[in-house]
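Student: Sharing structure.cif here; it has mmCIF, C-alpha atoms and all ligand atoms.
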data_data
loop_
_atom_site.label_atom_id
_atom_site.label_comp_id
_atom_site.auth_asym_id
_atom_site.auth_seq_id
_atom_site.Cartn_x
_atom_site.Cartn_y
_atom_site.Cartn_z
CA MET A 1 19.84 5.74 -8.66
CA THR A 2 20.84 6.29 -5.04
CA ILE A 3 18.72 5.50 -2.05
CA GLU A 4 18.19 7.70 0.98
CA ILE A 5 18.01 6.37 4.50
CA ARG A 6 16.31 8.35 7.25
CA GLN A 7 15.63 7.43 10.85
CA VAL A 8 11.92 7.93 11.58
CA ALA A 9 11.68 6.40 15.09
CA GLU A 10 13.89 4.44 17.48
CA GLU A 11 15.69 1.70 15.51
CA THR A 12 13.35 2.38 12.58
CA TYR A 13 14.63 3.54 9.20
CA ALA A 14 12.77 4.72 6.11
CA ILE A 15 14.64 3.68 2.99
CA ASP A 16 13.64 5.81 0.03
CA CYS A 17 14.24 3.82 -3.14
CA GLY A 18 13.25 6.59 -5.57
CA SER A 19 10.26 6.93 -7.88
CA ASP A 20 8.87 4.21 -10.07
CA PRO A 21 9.32 4.92 -13.79
CA ILE A 22 5.65 4.34 -14.69
CA PHE A 23 3.56 6.42 -12.25
CA GLY A 24 6.32 8.33 -10.46
CA LEU A 25 5.27 7.17 -6.98
CA ARG A 26 8.13 7.22 -4.48
CA GLN A 27 8.83 3.84 -2.92
CA VAL A 28 9.73 3.76 0.75
CA ALA A 29 10.61 0.54 2.59
CA TYR A 30 11.07 0.42 6.38
CA LEU A 31 13.79 -1.41 8.24
CA LEU A 32 13.24 -2.32 11.89
CA VAL A 33 16.58 -3.09 13.52
CA ASP A 34 16.38 -5.69 16.27
CA GLU A 35 17.57 -9.20 17.17
CA MET A 36 15.36 -10.43 14.35
CA PRO A 37 15.31 -7.51 11.90
CA ALA A 38 12.29 -6.91 9.67
CA LEU A 39 11.70 -5.09 6.40
CA ILE A 40 8.24 -3.73 5.61
CA ASP A 41 7.02 -2.97 2.07
CA PRO A 42 10.02 -4.06 0.00
CA GLY A 43 8.49 -2.78 -3.28
CA TYR A 44 8.78 -4.27 -6.76
CA THR A 45 11.76 -6.32 -7.90
CA SER A 46 13.91 -3.55 -9.36
CA SER A 47 13.44 -1.31 -6.30
CA ALA A 48 14.17 -4.29 -4.01
CA ALA A 49 17.35 -4.94 -6.03
CA ARG A 50 18.32 -1.27 -5.66
CA LEU A 51 17.75 -1.60 -1.94
CA LEU A 52 20.01 -4.65 -1.65
CA ASN A 53 22.74 -3.31 -3.90
CA ASN A 54 23.02 0.15 -2.33
CA SER A 55 22.69 -0.44 1.37
CA ALA A 56 25.58 -2.66 2.45
CA GLN A 57 25.64 -0.79 5.77
CA LEU A 58 22.12 -2.02 6.59
CA ASP A 59 23.13 -5.69 6.56
CA LEU A 60 19.89 -6.78 4.92
CA GLN A 61 21.17 -10.34 4.56
CA ARG A 62 20.35 -10.70 8.29
CA LEU A 63 16.64 -9.98 7.76
CA SER A 64 14.41 -12.41 9.63
CA TYR A 65 11.09 -11.06 8.35
CA ILE A 66 9.97 -9.38 5.16
CA ILE A 67 6.42 -8.07 5.39
CA PRO A 68 4.66 -6.52 2.40
CA THR A 69 1.59 -4.66 3.69
CA HIS A 70 -0.21 -6.11 0.67
CA ILE A 71 0.58 -7.93 -2.56
CA HIS A 72 0.22 -5.03 -4.99
CA LEU A 73 3.25 -4.79 -7.25
CA ASP A 74 4.64 -1.61 -5.67
CA HIS A 75 4.60 -3.16 -2.17
CA GLY A 76 5.19 -6.91 -2.48
CA GLY A 77 6.13 -7.51 -6.15
CA GLY A 78 9.79 -8.00 -5.21
CA SER A 79 9.09 -10.68 -2.60
CA GLY A 80 10.04 -13.69 -4.75
CA TYR A 81 13.28 -11.99 -5.76
CA LEU A 82 14.12 -11.22 -2.12
CA ALA A 83 13.28 -14.81 -1.14
CA GLN A 84 16.05 -15.92 -3.50
CA GLN A 85 18.52 -13.27 -2.35
CA ILE A 86 17.93 -13.57 1.42
CA PRO A 87 17.43 -17.29 1.99
CA GLU A 88 16.93 -17.14 5.78
CA SER A 89 14.03 -14.66 5.66
CA THR A 90 10.37 -15.44 6.33
CA PHE A 91 7.62 -13.60 4.48
CA VAL A 92 4.41 -12.54 6.19
CA PHE A 93 1.25 -12.20 4.11
CA HIS A 94 -2.46 -11.73 4.72
CA PRO A 95 -4.24 -15.07 4.12
CA ARG A 96 -5.89 -13.61 1.00
CA GLY A 97 -2.51 -12.63 -0.41
CA ALA A 98 -0.39 -15.69 0.42
CA GLY A 99 -1.74 -17.87 -2.42
CA HIS A 100 -1.03 -15.15 -5.00
CA ALA A 101 2.51 -14.76 -3.64
CA THR A 102 3.26 -18.45 -4.16
CA GLU A 103 1.52 -18.62 -7.52
CA PRO A 104 1.58 -15.13 -9.03
CA SER A 105 0.25 -15.78 -12.56
CA ARG A 106 -3.18 -14.15 -12.01
CA LEU A 107 -1.50 -11.35 -10.14
CA ILE A 108 0.87 -10.69 -13.04
CA LYS A 109 -2.09 -10.51 -15.44
CA SER A 110 -3.74 -7.91 -13.26
CA PHE A 111 -0.47 -5.95 -12.91
CA ARG A 112 -0.28 -5.86 -16.73
CA ARG A 113 -3.69 -4.18 -16.84
CA VAL A 114 -2.63 -1.55 -14.30
CA PHE A 115 1.06 -0.95 -15.07
CA GLY A 116 1.09 -1.87 -18.77
CA GLU A 117 1.98 -5.04 -20.72
CA GLN A 118 5.71 -4.32 -20.49
CA PHE A 119 5.89 -3.47 -16.79
CA GLU A 120 8.49 -6.16 -16.12
CA ASP A 121 10.99 -4.37 -18.40
CA SER A 122 11.30 -1.51 -15.92
CA LEU A 123 9.96 -2.88 -12.64
CA GLY A 124 11.39 -6.39 -12.87
CA PRO A 125 9.76 -9.83 -12.87
CA VAL A 126 7.30 -11.01 -10.22
CA LEU A 127 8.76 -14.28 -8.93
CA PRO A 128 6.95 -16.80 -6.72
CA VAL A 129 7.69 -17.03 -3.00
CA PRO A 130 8.21 -20.67 -1.91
CA PRO A 131 5.27 -21.73 0.33
CA ASP A 132 7.60 -22.94 3.10
CA ARG A 133 8.99 -19.40 3.42
CA ILE A 134 5.58 -17.86 4.16
CA HIS A 135 3.95 -17.15 7.49
CA VAL A 136 0.23 -16.52 7.02
CA ALA A 137 -0.91 -13.73 9.36
CA SER A 138 -3.85 -13.88 11.75
CA ASP A 139 -5.72 -10.71 12.65
CA GLY A 140 -4.27 -9.19 15.84
CA GLU A 141 -1.37 -11.64 16.11
CA THR A 142 2.03 -10.41 17.29
CA ILE A 143 5.49 -11.31 16.08
CA ARG A 144 8.44 -10.81 18.43
CA LEU A 145 11.55 -9.28 16.89
CA GLY A 146 13.52 -8.84 20.14
CA ARG A 147 12.92 -5.64 22.08
CA ARG A 148 9.74 -5.04 20.14
CA GLN A 149 6.71 -6.90 18.94
CA LEU A 150 4.88 -6.26 15.70
CA ALA A 151 1.08 -6.47 15.84
CA LEU A 152 -0.48 -7.56 12.55
CA HIS A 153 -3.91 -6.08 11.83
CA PHE A 154 -6.14 -6.96 8.90
CA ALA A 155 -6.83 -3.68 7.10
CA PRO A 156 -9.18 -4.35 4.15
CA GLY A 157 -10.59 -1.67 1.87
CA HIS A 158 -7.76 -0.54 -0.40
CA ALA A 159 -7.30 -4.26 -1.06
CA PRO A 160 -8.82 -7.30 0.66
CA HIS A 161 -5.32 -8.65 1.44
CA HIS A 162 -4.02 -5.54 3.22
CA LEU A 163 -2.22 -5.71 6.58
CA ALA A 164 -1.30 -2.80 8.83
CA ILE A 165 1.54 -3.38 11.24
CA GLN A 166 2.13 -1.62 14.55
CA ASP A 167 5.43 -1.55 16.40
CA SER A 168 5.19 -1.91 20.21
CA LEU A 169 8.51 -0.11 20.75
CA THR A 170 7.69 3.13 18.94
CA GLY A 171 3.94 3.09 18.28
CA ALA A 172 4.72 3.53 14.57
CA LEU A 173 2.02 2.20 12.26
CA PHE A 174 3.08 0.84 8.88
CA CYS A 175 -0.08 1.61 6.95
CA GLY A 176 0.89 0.78 3.34
CA ASP A 177 -1.97 2.23 1.28
CA ALA A 178 -4.68 1.77 3.94
CA LEU A 179 -4.75 5.44 4.98
CA GLY A 180 -4.53 7.10 1.60
CA TYR A 181 -1.79 8.27 -0.68
CA ILE A 182 0.25 11.27 0.38
CA SER A 183 2.69 13.21 -1.71
CA ASP A 184 5.36 15.69 -0.77
CA ASP A 185 5.15 18.12 -3.64
CA THR A 186 2.25 20.04 -2.06
CA ALA A 187 0.52 20.00 1.30
CA ASP A 188 0.24 16.50 2.71
CA ILE A 189 -3.24 15.45 1.70
CA PRO A 190 -3.94 11.72 2.05
CA PHE A 191 -6.16 10.89 -0.92
CA PRO A 192 -8.03 7.59 -0.71
CA THR A 193 -6.90 5.19 -3.44
CA GLY A 194 -8.04 1.83 -4.67
CA LEU A 195 -8.63 0.08 -7.93
CA PRO A 196 -11.46 -2.47 -8.09
CA PRO A 197 -12.05 -4.53 -5.96
CA PHE A 198 -11.70 -1.49 -3.70
CA ASP A 199 -14.28 -1.54 -0.89
CA PRO A 200 -15.02 1.96 0.44
CA VAL A 201 -17.15 0.67 3.31
CA ALA A 202 -14.39 -1.64 4.57
CA TYR A 203 -11.92 1.19 3.94
CA GLN A 204 -13.78 3.50 6.33
CA ARG A 205 -14.01 0.75 8.95
CA THR A 206 -10.28 0.15 8.63
CA ILE A 207 -9.56 3.86 9.10
CA ASP A 208 -11.52 3.79 12.38
CA LYS A 209 -9.78 0.59 13.47
CA LEU A 210 -6.31 2.00 12.77
CA ALA A 211 -7.18 5.30 14.49
CA SER A 212 -8.15 3.32 17.61
CA LEU A 213 -4.57 1.96 17.78
CA SER A 214 -3.39 5.54 18.57
CA PRO A 215 -0.36 5.39 16.28
CA LYS A 216 2.52 7.75 17.12
CA VAL A 217 3.76 8.03 13.54
CA LEU A 218 2.29 6.93 10.21
CA CYS A 219 4.72 5.09 7.93
CA TYR A 220 3.28 5.30 4.41
CA ALA A 221 4.77 3.10 1.70
CA HIS A 222 4.89 6.07 -0.65
CA HIS A 223 6.64 9.31 0.30
CA GLY A 224 7.61 8.33 3.83
CA ALA A 225 6.61 8.80 7.47
CA ARG A 226 4.42 11.55 8.90
CA ASN A 227 3.83 12.71 12.49
CA GLU A 228 0.57 14.61 12.02
CA VAL A 229 -1.38 11.46 12.78
CA GLN A 230 -4.80 12.75 13.82
CA ARG A 231 -5.13 15.33 11.05
CA LEU A 232 -4.12 12.81 8.36
CA ILE A 233 -6.49 10.12 9.59
CA ARG A 234 -9.39 12.58 9.90
CA GLN A 235 -8.70 13.95 6.44
CA VAL A 236 -8.53 10.60 4.61
CA LYS A 237 -11.80 9.61 6.24
CA ASP A 238 -13.51 12.87 5.28
CA LEU A 239 -12.28 12.60 1.70
CA SER A 240 -13.43 9.00 1.40
CA THR A 241 -16.86 9.93 2.72
CA ALA A 242 -17.06 12.80 0.22
CA PHE A 243 -15.95 10.60 -2.71
CA SER A 244 -18.54 7.96 -1.75
CA ASP A 245 -21.31 10.56 -1.60
CA ILE A 246 -20.37 12.16 -4.92
CA VAL A 247 -20.12 8.83 -6.73
CA GLN A 248 -23.40 7.49 -5.36
CA LYS A 249 -25.33 10.64 -6.26
CA ALA A 250 -23.78 10.77 -9.74
CA LEU A 251 -24.61 7.09 -10.38
CA ASP A 252 -28.19 7.71 -9.23
CA ALA A 253 -28.36 10.59 -11.72
CA GLY A 254 -27.13 8.28 -14.51
CA GLU A 255 -23.81 10.05 -15.10
CA ASP A 256 -21.07 8.21 -16.97
CA ASP A 257 -17.65 7.31 -15.55
CA LYS A 258 -15.87 10.18 -17.28
CA ARG A 259 -18.22 12.78 -15.84
CA ILE A 260 -17.96 11.26 -12.35
CA SER A 261 -14.18 11.24 -12.60
CA GLU A 262 -14.21 14.93 -13.56
CA ARG A 263 -16.43 15.71 -10.59
CA ILE A 264 -14.09 13.98 -8.13
CA LEU A 265 -11.00 15.56 -9.69
CA GLN A 266 -12.62 18.97 -9.37
CA TYR A 267 -13.38 18.26 -5.73
CA ALA A 268 -9.84 17.02 -5.06
CA LYS A 269 -8.21 20.01 -6.76
CA ALA A 270 -9.55 22.23 -4.00
CA TYR A 271 -7.19 20.36 -1.66
CA SER A 272 -4.08 19.80 -3.74
CA SER A 273 -2.36 20.61 -7.00
CA GLN A 274 0.07 17.68 -6.89
CA LYS A 275 1.03 16.56 -10.35
CA GLN A 276 0.02 12.92 -9.87
CA LEU A 277 -3.48 13.94 -8.78
CA PRO A 278 -5.25 13.00 -12.05
CA ILE A 279 -3.66 9.52 -12.04
CA ILE A 280 -4.51 8.96 -8.39
CA ILE A 281 -8.05 10.21 -8.78
CA GLU A 282 -8.70 8.20 -11.93
CA ALA A 283 -7.59 5.02 -10.15
CA SER A 284 -9.61 5.80 -7.02
CA VAL A 285 -12.75 6.76 -8.85
CA SER A 286 -12.76 3.47 -10.75
CA GLY A 287 -12.73 1.68 -7.39
CA TYR A 288 -15.62 3.72 -5.95
CA ILE A 289 -17.67 3.45 -9.14
CA ALA A 290 -17.20 -0.33 -9.48
CA TYR A 291 -18.17 -0.84 -5.84
CA PHE A 292 -21.32 1.31 -5.83
CA ARG A 293 -22.40 0.11 -9.27
CA SER A 294 -22.13 -3.50 -8.09
CA LYS A 295 -24.45 -2.59 -5.19
CA LYS A 296 -27.06 -1.30 -7.65
CA GLN A 297 -26.84 -4.14 -10.18
CA PRO A 298 -26.83 -7.92 -10.03
CA PRO A 299 -23.24 -9.23 -10.20
CA GLN A 300 -21.87 -9.94 -13.66
CA SER A 301 -18.51 -11.15 -14.86
CA THR A 302 -16.05 -8.29 -15.18
CA ASN A 303 -12.46 -7.71 -16.09
CA GLU A 304 -11.84 -6.87 -12.46
CA SER A 305 -8.42 -7.26 -10.94
CA VAL A 306 -7.88 -10.33 -8.76
CA THR A 307 -5.98 -8.18 -6.32
ZN ZN A 401 -1.85 -0.82 -3.16
#
Since I need it in another form, could you write the structure as structure tokens?
Ligand SMILES: [Zn+2]

Tutor:
Amino acid sequence: MTIEIRQVAEETYAIDCGSDPIFGLRQVAYLLVDEMPALIDPGYTSSAARLLNNSAQLDLQRLSYIIPTHIHLDHGGGSGYLAQQIPESTFVFHPRGAGHATEPSRLIKSFRRVFGEQFEDSLGPVLPVPPDRIHVASDGETIRLGRRQLALHFAPGHAPHHLAIQDSLTGALFCGDALGYISDDTADIPFPTGLPPFDPVAYQRTIDKLASLSPKVLCYAHHGARNEVQRLIRQVKDLSTAFSDIVQKALDAGEDDKRISERILQYAKAYSSQKQLPIIIEASVSGYIAYFRSKKQPPQSTNESVT
């Protein structure tokens, strides 16, 4: 599979590594060229390997920083592999993700639930990142790359260990999955996504926080960068509010998960006919339902993902 490289801002390149073979989500990593180059959202191991093997012109061996926006498989799963391949690089993780990166066994269990027992056959193994290669981020801290600084912002909601990263040189915001999932096979609609322990209240707060940074371009980890910043941010917030309202009312009325999922899918279909919509909606709805159900009931042990 070939990779496509596209410049999305000054000294900023989107590297499209193709679609994953399980859900068909396109993986896009971002390279920031500077004195100390950085790579954001390297993806899972086999996409990271594709990246290394097909982009000799990018000189990725010089990378100083590798920054997964969060530790989900499709964003940071290839970190341990890259740590082996690029020995001088430092990895930046949210404090709630760093421990899983160094000791990924619970993470792998949760990936098996989401991506299937055999996910490593197609997406590659999840290898540990040595602790001495990790920089644990603080909220609001900046990292200097040379001409530019990267500001690291905690961005919980989609996952508690999510970072959003803003580039001082271009105003680009690397938002991972914090501002929804867009697709390019229909109109760009950013659907909120999040498996349990998704937190829709934190998600909305994060949307407001990221909007206040006035990003110039949104660099999504799936399907690339977009310039229509205000419309996309407004839309993901409106959709998340609507999903929260629908799920809460349906739970109050005693509806089961299947019926609630149908309701949300019906609502979403008015906006988009993208072919991955049912998969995305099913995943999102489980996050909303688990959250609002936990608010109605005393906590009990669940099979919930650690991520
Ligand atoms: Zn994610």

Student: Can you tell me which residues come within 10 Å of ligand ZN 401 (chain A) when counting only C-alpha atoms and all ligand atoms, ideally as JSON, numbers by chain?

Tutor: {"A": [69, 70, 71, 72, 73, 74, 75, 76, 158, 159, 161, 162, 176, 177, 178, 180, 181, 193, 194, 195, 198, 221, 222, 307]}

Student: How many Å lie between CA of Val236 (chain A) and CA of Pro95 (chain A), rounded to one decimal?

Tutor: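 For CA of Val236 (chain A) relative to CA of Pro95 (chain A), the distance reads 26.0 Å.
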
Student: Under the rule that all atoms listed in the file are counted, which of A:Gly77, A:Gly171, A:Pro21, A:Pro68 is the nearest residue to Asp41 (chain A)?

Tutor: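 Under the stated criterion, the closest residue is A:Pro68.
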
Student: Go ahead and compute the interatomic distance for CA of Ala48 (chain A) and CA of Ile189 (chain A), in Å to one decimal.

Tutor: 26.9 Å

Student: Please identify all polymer residues within 10 Å of Glu103 (chain A), counting all atoms listed in the file, omitting same-chain residues fewer than 6 positions from it, and present them as an NGL selection string.

Tutor: :A and (126-131)

Student: Give the answer as one residue: which of A:Leu52, A:Cys17, A:Ala38, A:Ile86 has the shortest atom-to-atom distance to Arg144 (chain A), using only C-alpha atoms?

Tutor: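 The shortest atom-to-atom distance to Arg144 (chain A) comes from A:Ala38.
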
Student: Hey, can you check how far CA of Phe119 (chain A) sits from CA of Ile15 (chain A)?

Tutor: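 For CA of Phe119 (chain A) relative to CA of Ile15 (chain A), the distance reads 22.8 Å.
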
Student: Using only C-alpha atoms, determine which residues lie at most 9 Å from region 164-169 of chain A, disregarding the query and same-chain residues fewer than 6 positions distant; provide the list as JSON, numbers by chain.

Tutor: {"A": [10, 40, 67, 69, 70, 147, 148, 149, 150, 151, 152, 153, 154, 155, 175, 176, 178, 210, 213, 215]}

Student: Find the residue from A:Ile233, A:Ile264, A:Ile182, A:Val201 that sits nearest to Tyr220 (chain A); use only C-alpha atoms when measuring.

Tutor: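 Ranking A:Ile233, A:Ile264, A:Ile182, A:Val201 by distance to Tyr220 (chain A), first place goes to A:Ile182.
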
Student: Just checking: using only C-alpha atoms, which residue out of A:Gly24, A:Ala242, A:Thr90, A:Leu82 ends up closest to Pro37 (chain A)?

Tutor: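 For Pro37 (chain A), the nearest of the candidates is A:Thr90.
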
Student: When you look at Thr241 (chain A) with a cut-off of 12 Å (counting only C-alpha atoms), what residues show up, excluding the ones that are within fewer than 5 positions of it in the same chain? I need them as a short mmCIF file (atom, residue, chain, number, x, y, z; two decimals) with C-alpha atoms, in the coordinates of the input.

Tutor:
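Final output, saved to part-v1.cif:
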data_model
loop_
_atom_site.label_atom_id
_atom_site.label_comp_id
_atom_site.auth_asym_id
_atom_site.auth_seq_id
_atom_site.Cartn_x
_atom_site.Cartn_y
_atom_site.Cartn_z
CA PHE A 191 -6.16 10.89 -0.92
CA PRO A 192 -8.03 7.59 -0.71
CA PRO A 200 -15.02 1.96 0.44
CA VAL A 201 -17.15 0.67 3.31
CA ALA A 202 -14.39 -1.64 4.57
CA TYR A 203 -11.92 1.19 3.94
CA GLN A 204 -13.78 3.50 6.33
CA ARG A 205 -14.01 0.75 8.95
CA ILE A 207 -9.56 3.86 9.10
CA ARG A 234 -9.39 12.58 9.90
CA GLN A 235 -8.70 13.95 6.44
CA VAL A 236 -8.53 10.60 4.61
CA ILE A 246 -20.37 12.16 -4.92
CA VAL A 247 -20.12 8.83 -6.73
CA GLN A 248 -23.40 7.49 -5.36
CA ILE A 264 -14.09 13.98 -8.13
CA TYR A 288 -15.62 3.72 -5.95
#
